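Source file: entry13.cif. Holds: mmCIF, N, CA and C atoms.
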data_protein
loop_
_atom_site.label_atom_id
_atom_site.label_comp_id
_atom_site.auth_asym_id
_atom_site.auth_seq_id
_atom_site.Cartn_x
_atom_site.Cartn_y
_atom_site.Cartn_z
N MET A 1 75.11 109.46 73.73
CA MET A 1 76.32 108.76 73.29
C MET A 1 77.52 109.13 74.17
N ARG A 2 77.64 110.42 74.49
CA ARG A 2 78.75 110.86 75.33
C ARG A 2 78.66 110.22 76.72
N ILE A 3 77.45 110.10 77.21
CA ILE A 3 77.25 109.49 78.53
C ILE A 3 77.70 108.03 78.50
N LEU A 4 77.35 107.32 77.45
CA LEU A 4 77.74 105.92 77.32
C LEU A 4 79.26 105.78 77.26
N VAL A 5 79.92 106.61 76.47
CA VAL A 5 81.38 106.57 76.36
C VAL A 5 82.01 106.91 77.72
N GLY A 6 81.45 107.89 78.41
CA GLY A 6 81.95 108.28 79.73
C GLY A 6 81.83 107.14 80.72
N LEU A 7 80.69 106.44 80.71
CA LEU A 7 80.50 105.31 81.62
C LEU A 7 81.47 104.17 81.32
N ILE A 8 81.71 103.93 80.05
CA ILE A 8 82.67 102.89 79.67
C ILE A 8 84.08 103.24 80.15
N ILE A 9 84.47 104.49 80.00
CA ILE A 9 85.81 104.92 80.45
C ILE A 9 85.92 104.80 81.97
N ILE A 10 84.91 105.23 82.69
CA ILE A 10 84.92 105.13 84.15
C ILE A 10 85.00 103.66 84.58
N ASN A 11 84.24 102.82 83.90
CA ASN A 11 84.27 101.39 84.22
C ASN A 11 85.65 100.79 83.98
N LEU A 12 86.29 101.18 82.89
CA LEU A 12 87.62 100.67 82.60
C LEU A 12 88.64 101.15 83.62
N LEU A 13 88.54 102.39 84.02
CA LEU A 13 89.49 102.94 84.99
C LEU A 13 89.37 102.26 86.36
N PHE A 14 88.16 102.10 86.83
CA PHE A 14 87.96 101.55 88.16
C PHE A 14 87.78 100.04 88.16
N GLY A 15 87.36 99.48 87.07
CA GLY A 15 87.15 98.04 86.97
C GLY A 15 88.45 97.26 86.89
N CYS A 16 89.51 97.90 86.41
CA CYS A 16 90.79 97.23 86.27
C CYS A 16 91.70 97.46 87.47
N GLU A 17 91.18 98.09 88.48
CA GLU A 17 91.97 98.35 89.67
C GLU A 17 92.37 97.03 90.32
N GLU A 18 93.63 96.96 90.73
CA GLU A 18 94.15 95.73 91.34
C GLU A 18 93.52 95.52 92.70
N LYS A 19 93.09 94.30 92.97
CA LYS A 19 92.47 93.97 94.25
C LYS A 19 93.55 93.90 95.33
N LYS A 20 93.32 94.61 96.42
CA LYS A 20 94.25 94.60 97.54
C LYS A 20 93.93 93.43 98.46
N ASP A 21 94.98 92.79 98.95
CA ASP A 21 94.78 91.71 99.91
C ASP A 21 94.40 92.32 101.24
N GLU A 22 93.36 91.80 101.82
CA GLU A 22 92.92 92.28 103.11
C GLU A 22 93.47 91.39 104.20
N LYS A 23 93.84 92.02 105.31
CA LYS A 23 94.32 91.28 106.47
C LYS A 23 93.14 90.63 107.17
N SER A 24 93.38 89.51 107.76
CA SER A 24 92.37 88.84 108.56
C SER A 24 92.04 89.71 109.77
N LYS A 25 90.77 89.80 110.10
CA LYS A 25 90.35 90.58 111.26
C LYS A 25 90.84 89.95 112.56
N ASP A 26 91.25 88.68 112.50
CA ASP A 26 91.73 87.98 113.69
C ASP A 26 93.23 88.14 113.93
N LEU A 27 93.95 88.71 112.97
CA LEU A 27 95.38 88.92 113.15
C LEU A 27 95.59 90.23 113.91
N ILE A 28 96.14 90.13 115.11
CA ILE A 28 96.37 91.30 115.95
C ILE A 28 97.74 91.90 115.65
N TYR A 29 98.74 91.03 115.45
CA TYR A 29 100.12 91.50 115.34
C TYR A 29 100.92 90.52 114.49
N PHE A 30 101.84 91.08 113.70
CA PHE A 30 102.79 90.28 112.93
C PHE A 30 104.13 90.99 112.94
N ASN A 31 105.20 90.21 113.09
CA ASN A 31 106.54 90.76 112.99
C ASN A 31 107.46 89.71 112.38
N SER A 32 108.40 90.18 111.59
CA SER A 32 109.39 89.32 110.95
C SER A 32 110.76 89.90 111.27
N LYS A 33 111.63 89.09 111.86
CA LYS A 33 112.94 89.57 112.29
C LYS A 33 114.05 88.73 111.65
N PHE A 34 114.93 89.40 110.92
CA PHE A 34 116.09 88.74 110.30
C PHE A 34 117.00 88.21 111.40
N ILE A 35 117.41 86.94 111.29
CA ILE A 35 118.29 86.32 112.29
C ILE A 35 119.69 86.08 111.72
N ALA A 36 119.79 85.37 110.60
CA ALA A 36 121.10 85.05 110.03
C ALA A 36 120.96 84.69 108.56
N GLU A 37 121.95 85.07 107.79
CA GLU A 37 121.97 84.76 106.36
C GLU A 37 122.88 83.56 106.10
N LEU A 38 122.55 82.81 105.07
CA LEU A 38 123.35 81.66 104.67
C LEU A 38 124.81 82.09 104.51
N GLY A 39 125.70 81.34 105.13
CA GLY A 39 127.13 81.66 105.06
C GLY A 39 127.64 82.31 106.33
N GLU A 40 126.77 82.90 107.13
CA GLU A 40 127.20 83.48 108.39
C GLU A 40 127.44 82.37 109.41
N GLU A 41 128.30 82.62 110.37
CA GLU A 41 128.69 81.55 111.29
C GLU A 41 127.53 81.04 112.15
N ASN A 42 126.57 81.87 112.49
CA ASN A 42 125.47 81.40 113.34
C ASN A 42 124.26 80.89 112.54
N TYR A 43 124.38 80.84 111.22
CA TYR A 43 123.28 80.35 110.39
C TYR A 43 122.94 78.90 110.72
N ASP A 44 123.94 78.05 110.85
CA ASP A 44 123.69 76.63 111.14
C ASP A 44 123.03 76.44 112.49
N LYS A 45 123.43 77.24 113.46
CA LYS A 45 122.85 77.15 114.80
C LYS A 45 121.34 77.41 114.74
N TYR A 46 120.96 78.47 114.05
CA TYR A 46 119.53 78.80 113.94
C TYR A 46 118.84 77.95 112.88
N GLY A 47 119.57 77.58 111.84
CA GLY A 47 119.00 76.77 110.77
C GLY A 47 118.47 75.43 111.26
N ALA A 48 119.06 74.92 112.34
CA ALA A 48 118.60 73.65 112.91
C ALA A 48 117.17 73.77 113.46
N LYS A 49 116.73 74.97 113.76
CA LYS A 49 115.39 75.19 114.32
C LYS A 49 114.31 75.31 113.24
N LEU A 50 114.72 75.29 111.99
CA LEU A 50 113.75 75.46 110.89
C LEU A 50 112.72 74.34 110.84
N ASN A 51 113.09 73.16 111.26
CA ASN A 51 112.19 72.01 111.20
C ASN A 51 111.44 71.77 112.50
N SER A 52 111.52 72.72 113.42
CA SER A 52 110.83 72.55 114.70
C SER A 52 109.32 72.63 114.51
N LYS A 53 108.61 72.02 115.44
CA LYS A 53 107.15 72.03 115.39
C LYS A 53 106.62 73.38 115.88
N PHE A 54 105.40 73.67 115.53
CA PHE A 54 104.74 74.87 116.02
C PHE A 54 104.45 74.70 117.51
N GLU A 55 104.75 75.71 118.28
CA GLU A 55 104.48 75.68 119.72
C GLU A 55 103.68 76.93 120.09
N PRO A 56 102.38 76.91 119.82
CA PRO A 56 101.56 78.09 120.13
C PRO A 56 101.35 78.25 121.62
N LYS A 57 101.20 79.50 122.04
CA LYS A 57 100.87 79.81 123.43
C LYS A 57 99.45 80.36 123.43
N TYR A 58 98.57 79.64 124.11
CA TYR A 58 97.18 80.07 124.24
C TYR A 58 97.10 80.92 125.51
N ILE A 59 96.91 82.22 125.33
CA ILE A 59 96.89 83.15 126.45
C ILE A 59 95.55 83.89 126.43
N GLY A 60 94.68 83.54 127.37
CA GLY A 60 93.35 84.16 127.40
C GLY A 60 92.63 83.93 126.09
N LYS A 61 92.23 85.01 125.45
CA LYS A 61 91.52 84.93 124.17
C LYS A 61 92.43 85.24 122.99
N THR A 62 93.72 84.93 123.15
CA THR A 62 94.68 85.13 122.06
C THR A 62 95.59 83.92 121.92
N ILE A 63 96.21 83.84 120.76
CA ILE A 63 97.23 82.82 120.49
C ILE A 63 98.47 83.58 120.06
N GLU A 64 99.60 83.25 120.67
CA GLU A 64 100.88 83.80 120.25
C GLU A 64 101.74 82.67 119.74
N ILE A 65 102.36 82.92 118.61
CA ILE A 65 103.21 81.87 118.04
C ILE A 65 104.44 82.52 117.40
N ALA A 66 105.59 81.95 117.69
CA ALA A 66 106.85 82.40 117.10
C ALA A 66 107.53 81.17 116.51
N LYS A 67 108.13 81.35 115.34
CA LYS A 67 108.76 80.21 114.65
C LYS A 67 109.89 80.71 113.78
N MET A 68 110.95 79.94 113.72
CA MET A 68 112.06 80.20 112.80
C MET A 68 111.68 79.60 111.45
N ILE A 69 111.81 80.40 110.39
CA ILE A 69 111.52 79.91 109.05
C ILE A 69 112.62 80.34 108.10
N ASN A 70 112.60 79.77 106.92
CA ASN A 70 113.55 80.10 105.87
C ASN A 70 112.90 81.09 104.92
N ALA A 71 113.63 82.13 104.51
CA ALA A 71 113.09 83.13 103.60
C ALA A 71 114.19 83.66 102.70
N ASN A 72 113.80 84.34 101.66
CA ASN A 72 114.76 85.00 100.77
C ASN A 72 115.41 86.12 101.57
N ALA A 73 116.73 86.20 101.54
CA ALA A 73 117.46 87.17 102.34
C ALA A 73 117.23 88.62 101.89
N CYS A 74 116.82 88.83 100.66
CA CYS A 74 116.64 90.19 100.15
C CYS A 74 115.18 90.63 100.08
N GLY A 75 114.27 89.72 100.24
CA GLY A 75 112.86 90.05 100.09
C GLY A 75 112.27 90.73 101.31
N GLU A 76 111.19 91.46 101.08
CA GLU A 76 110.41 92.03 102.17
C GLU A 76 109.10 91.25 102.24
N TYR A 77 108.66 90.98 103.45
CA TYR A 77 107.52 90.12 103.66
C TYR A 77 106.47 90.77 104.56
N ASP A 78 105.26 90.26 104.46
CA ASP A 78 104.17 90.65 105.35
C ASP A 78 103.47 89.37 105.78
N GLY A 79 102.75 89.45 106.87
CA GLY A 79 102.09 88.26 107.39
C GLY A 79 100.59 88.40 107.39
N ASN A 80 99.93 87.26 107.38
CA ASN A 80 98.49 87.18 107.47
C ASN A 80 98.15 85.78 107.99
N ILE A 81 96.89 85.54 108.21
CA ILE A 81 96.45 84.21 108.63
C ILE A 81 95.21 83.82 107.86
N GLU A 82 94.95 82.53 107.84
CA GLU A 82 93.73 81.99 107.25
C GLU A 82 93.25 80.87 108.17
N ILE A 83 91.98 80.93 108.53
CA ILE A 83 91.41 79.91 109.41
C ILE A 83 90.46 79.05 108.59
N LYS A 84 90.70 77.74 108.62
CA LYS A 84 89.86 76.77 107.92
C LYS A 84 89.50 75.66 108.91
N LYS A 85 88.27 75.64 109.35
CA LYS A 85 87.77 74.65 110.31
C LYS A 85 88.67 74.61 111.54
N ASP A 86 89.42 73.52 111.72
CA ASP A 86 90.28 73.39 112.91
C ASP A 86 91.74 73.70 112.61
N SER A 87 92.01 74.32 111.46
CA SER A 87 93.39 74.64 111.07
C SER A 87 93.60 76.14 110.98
N LEU A 88 94.75 76.58 111.43
CA LEU A 88 95.13 77.99 111.34
C LEU A 88 96.40 78.05 110.50
N ILE A 89 96.32 78.69 109.36
CA ILE A 89 97.44 78.78 108.43
C ILE A 89 98.12 80.13 108.61
N LEU A 90 99.40 80.11 108.93
CA LEU A 90 100.19 81.32 109.01
C LEU A 90 100.69 81.62 107.59
N ILE A 91 100.44 82.82 107.13
CA ILE A 91 100.84 83.19 105.76
C ILE A 91 102.02 84.15 105.84
N TYR A 92 103.05 83.84 105.07
CA TYR A 92 104.26 84.67 104.98
C TYR A 92 104.39 85.06 103.52
N LYS A 93 104.03 86.32 103.22
CA LYS A 93 103.88 86.74 101.83
C LYS A 93 104.99 87.71 101.40
N LEU A 94 105.62 87.39 100.28
CA LEU A 94 106.61 88.28 99.68
C LEU A 94 105.90 89.49 99.11
N VAL A 95 106.28 90.69 99.54
CA VAL A 95 105.62 91.91 99.07
C VAL A 95 106.54 92.82 98.28
N SER A 96 107.79 92.41 98.09
CA SER A 96 108.73 93.22 97.31
C SER A 96 109.06 92.52 96.00
N ASP A 97 109.53 93.30 95.06
CA ASP A 97 109.98 92.74 93.79
C ASP A 97 111.43 92.28 93.88
N GLU A 98 112.13 92.77 94.87
CA GLU A 98 113.55 92.46 95.02
C GLU A 98 113.74 91.11 95.71
N VAL A 99 114.45 90.22 95.05
CA VAL A 99 114.84 88.94 95.62
C VAL A 99 116.28 88.66 95.21
N CYS A 100 116.90 87.71 95.88
CA CYS A 100 118.27 87.34 95.53
C CYS A 100 118.42 85.83 95.70
N THR A 101 119.60 85.32 95.48
CA THR A 101 119.81 83.88 95.55
C THR A 101 120.15 83.39 96.94
N SER A 102 120.30 84.30 97.89
CA SER A 102 120.66 83.92 99.25
C SER A 102 119.43 83.69 100.11
N SER A 103 119.54 82.78 101.05
CA SER A 103 118.43 82.55 101.97
C SER A 103 118.84 82.96 103.38
N ALA A 104 117.84 83.14 104.22
CA ALA A 104 118.09 83.58 105.58
C ALA A 104 117.14 82.88 106.55
N VAL A 105 117.56 82.80 107.78
CA VAL A 105 116.69 82.35 108.86
C VAL A 105 116.03 83.60 109.41
N VAL A 106 114.71 83.53 109.52
CA VAL A 106 113.91 84.65 109.99
C VAL A 106 113.01 84.14 111.10
N GLU A 107 112.83 84.95 112.14
CA GLU A 107 111.86 84.60 113.18
C GLU A 107 110.59 85.40 112.92
N VAL A 108 109.49 84.68 112.78
CA VAL A 108 108.20 85.33 112.59
C VAL A 108 107.37 85.18 113.86
N LYS A 109 106.61 86.24 114.16
CA LYS A 109 105.74 86.21 115.34
C LYS A 109 104.34 86.66 114.91
N TYR A 110 103.37 85.90 115.35
CA TYR A 110 101.97 86.20 115.08
C TYR A 110 101.22 86.25 116.40
N LYS A 111 100.31 87.20 116.53
CA LYS A 111 99.38 87.24 117.67
C LYS A 111 97.99 87.27 117.06
N ILE A 112 97.15 86.35 117.49
CA ILE A 112 95.87 86.09 116.84
C ILE A 112 94.73 86.09 117.85
N LYS A 113 93.63 86.73 117.48
CA LYS A 113 92.43 86.68 118.32
C LYS A 113 91.90 85.25 118.34
N ASN A 114 91.44 84.84 119.52
CA ASN A 114 90.87 83.51 119.67
C ASN A 114 89.72 83.61 120.68
N GLU A 115 88.71 84.36 120.30
CA GLU A 115 87.58 84.65 121.20
C GLU A 115 86.93 83.39 121.75
N LYS A 116 86.84 82.34 120.95
CA LYS A 116 86.18 81.09 121.37
C LYS A 116 87.13 80.12 122.07
N LYS A 117 88.39 80.52 122.21
CA LYS A 117 89.42 79.70 122.87
C LYS A 117 89.53 78.30 122.25
N LEU A 118 89.56 78.26 120.93
CA LEU A 118 89.68 77.00 120.20
C LEU A 118 91.13 76.57 120.08
N LYS A 119 91.35 75.28 119.97
CA LYS A 119 92.69 74.72 119.72
C LYS A 119 92.78 74.42 118.22
N TYR A 120 93.89 74.79 117.62
CA TYR A 120 94.06 74.65 116.18
C TYR A 120 95.24 73.76 115.83
N LYS A 121 95.20 73.23 114.62
CA LYS A 121 96.37 72.63 113.97
C LYS A 121 96.99 73.79 113.19
N PHE A 122 98.32 73.85 113.15
CA PHE A 122 99.01 74.98 112.51
C PHE A 122 99.75 74.54 111.26
N GLY A 123 99.79 75.45 110.31
CA GLY A 123 100.55 75.26 109.08
C GLY A 123 101.12 76.59 108.64
N LEU A 124 102.08 76.55 107.74
CA LEU A 124 102.71 77.76 107.21
C LEU A 124 102.61 77.72 105.70
N ARG A 125 102.23 78.86 105.11
CA ARG A 125 102.15 78.95 103.66
C ARG A 125 102.93 80.19 103.21
N TYR A 126 103.83 79.98 102.25
CA TYR A 126 104.56 81.08 101.63
C TYR A 126 103.77 81.55 100.41
N GLU A 127 103.68 82.83 100.23
CA GLU A 127 103.02 83.37 99.03
C GLU A 127 103.94 84.35 98.34
#
Please re-express this file's structure in structure tokens.
Amino acid sequence: MRILVGLIIINLLFGCEEKKDEKSKDLIYFNSKFIAELGEENYDKYGAKLNSKFEPKYIGKTIEIAKMINANACGEYDGNIEIKKDSLILIYKLVSDEVCTSSAVVEVKYKIKNEKKLKYKFGLRYE
């Protein structure tokens, strides 16, 4: 009986552990750089680039991509990628509990393995 109770307790302790998000093995590098917050004088200058198309650079067996995006000015973010057939989704994930009502222009950079030298369609997903 004690063994059964012990196994149940162990199962509850380890079975309820929160699943950690794993990074894609193809993501080599990610960086997020704050550029300007809403209300600053250069926000509009950079804000105009938010709707620009993805312009990936295929360099050897890697892809480098940098893009201006909109994000919460107070949040902390991490990056990841997801590959689905001919599409490569750039993931920009909020990892902090702190957020505010202000937005900011942020430049994100991703470097991705591309061993097969494939050409992809690109998308961005906020999480």
Please, what distance in Å, to one decimal, runs between atom N of Lys23 of chain A and atom N of Glu37 of chain A?
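Those two atoms sit 29.1 Å apart.
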Closest of A:Ser24, A:Leu118, A:Met68, A:Arg125 to Lys93 of chain A - atom-to-atom distances counting only N, CA and C atoms
A:Arg125
For Glu107 of chain A, find every residue with an atom within 6 Å (counting all atoms listed in the file), except residues of its own chain fewer than 5 positions away, and show them as an MDAnalysis selection string.
chainID A and resid 31:35 67:69
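Our summary of the geometry notes that atom CA of Thr62 of chain A is positioned 19.6 Å from atom CA of Tyr92 of chain A.
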Hits of the PyMOL selection byres (((chain A and resi 85 and name CA) around 12) and name CA) in this structure, as a PyMOL selection string
chain A and resi 82-84+86-89+118-122
Have a look at atom CA of Ala104 of chain A and atom CA of Glu76 of chain A and let me know their distance in Å, one decimal.
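These atoms are spaced 11.9 Å apart.
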Tell me, as an NGL selection string, which residues lie within 7 Å of Val95 of chain A, counting all atoms listed in the file; anything in the same chain fewer than 3 positions away does not count.
:A and (75-78 or 98 or 127)
Saved selection, atoms kept: N, CA and C atoms, as a PDB file, keeping the file's coordinate frame:
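What landed in selection_17.pdb:
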ATOM      1  N   GLY A  75     114.270  89.720 100.240  1.00  0.00           N
ATOM      2  CA  GLY A  75     112.860  90.050 100.090  1.00  0.00           C
ATOM      3  C   GLY A  75     112.270  90.730 101.310  1.00  0.00           C
ATOM      4  N   GLU A  76     111.190  91.460 101.080  1.00  0.00           N
ATOM      5  CA  GLU A  76     110.410  92.030 102.170  1.00  0.00           C
ATOM      6  C   GLU A  76     109.100  91.250 102.240  1.00  0.00           C
ATOM      7  N   TYR A  77     108.660  90.980 103.450  1.00  0.00           N
ATOM      8  CA  TYR A  77     107.520  90.120 103.660  1.00  0.00           C
ATOM      9  C   TYR A  77     106.470  90.770 104.560  1.00  0.00           C
ATOM     10  N   ASP A  78     105.260  90.260 104.460  1.00  0.00           N
ATOM     11  CA  ASP A  78     104.170  90.650 105.350  1.00  0.00           C
ATOM     12  C   ASP A  78     103.470  89.370 105.780  1.00  0.00           C
ATOM     13  N   GLU A  98     112.130  92.770  94.870  1.00  0.00           N
ATOM     14  CA  GLU A  98     113.550  92.460  95.020  1.00  0.00           C
ATOM     15  C   GLU A  98     113.740  91.110  95.710  1.00  0.00           C
ATOM     16  N   GLU A 127     103.680  82.830 100.230  1.00  0.00           N
ATOM     17  CA  GLU A 127     103.020  83.370  99.030  1.00  0.00           C
ATOM     18  C   GLU A 127     103.940  84.350  98.340  1.00  0.00           C
TER      19      GLU A 127
END
All residues 9 Å or closer to segment 113-115 of chain A, only C-alpha atoms, same chain fewer than 5 positions away omitted, as a ChimeraX atom specification
/A:25-28,58,60-63
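Minimum atom-to-atom distances from A:Ile112, A:Leu90, A:Ala66, A:Val99 to Phe54 of chain A were compared using only N, CA and C atoms, and the lowest value belongs to A:Ala66.
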Mind the document's chain letters and residue numbers, and return as a PyMOL selection string the residues of segment 21-119 of chain A that DSSP labels strand (DSSP E).
chain A and resi 27-37+57-59+62-72+77-84+87-94+103-113
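Nearest residue to Leu94 of chain A among A:Ile59, A:Tyr126, A:Glu22, A:Lys53 is A:Tyr126, counting all atoms listed in the file.
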Measuring atom to atom with all atoms listed in the file, identify which of A:Ile91, A:Leu38, A:Asn72, A:Val105 is nearest to Leu50 of chain A.
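Residue with the minimum atom-to-atom distance to Leu50 of chain A: A:Val105.
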Just the helix (DSSP H, G or I) stuff from chain A, please, per backbone DSSP, written as a list in words.
Arg2, Ile3, Leu4, Val5, Gly6, Leu7, Ile8, Ile9, Ile10, Asn11, Leu12, Leu13, Phe14, Gly15, Tyr43, Asp44, Lys45, Tyr46, Gly47, Ala48, Lys49, Leu50 and Asn51 of chain A
Which of these residues is nearest to Val106 of chain A, using only N, CA and C atoms: A:Gly123, A:Phe30, A:Lys57, A:Ala36?
A:Ala36
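Remark: for Glu64 of chain A, the closest of the candidate residues A:Tyr29, A:Lys45, A:Gly79, A:Tyr110 is A:Tyr110 (distances computed over only N, CA and C atoms).
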Emit as JSON the padded axis-aligned box for all listed atoms of segment 43-59 of chain A, 5 Å per side, with centre and edge lengths in Å to one decimal.
{"center_x": 110.0, "center_y": 77.8, "center_z": 118.4, "size_x": 38.8, "size_y": 22.1, "size_z": 26.1}
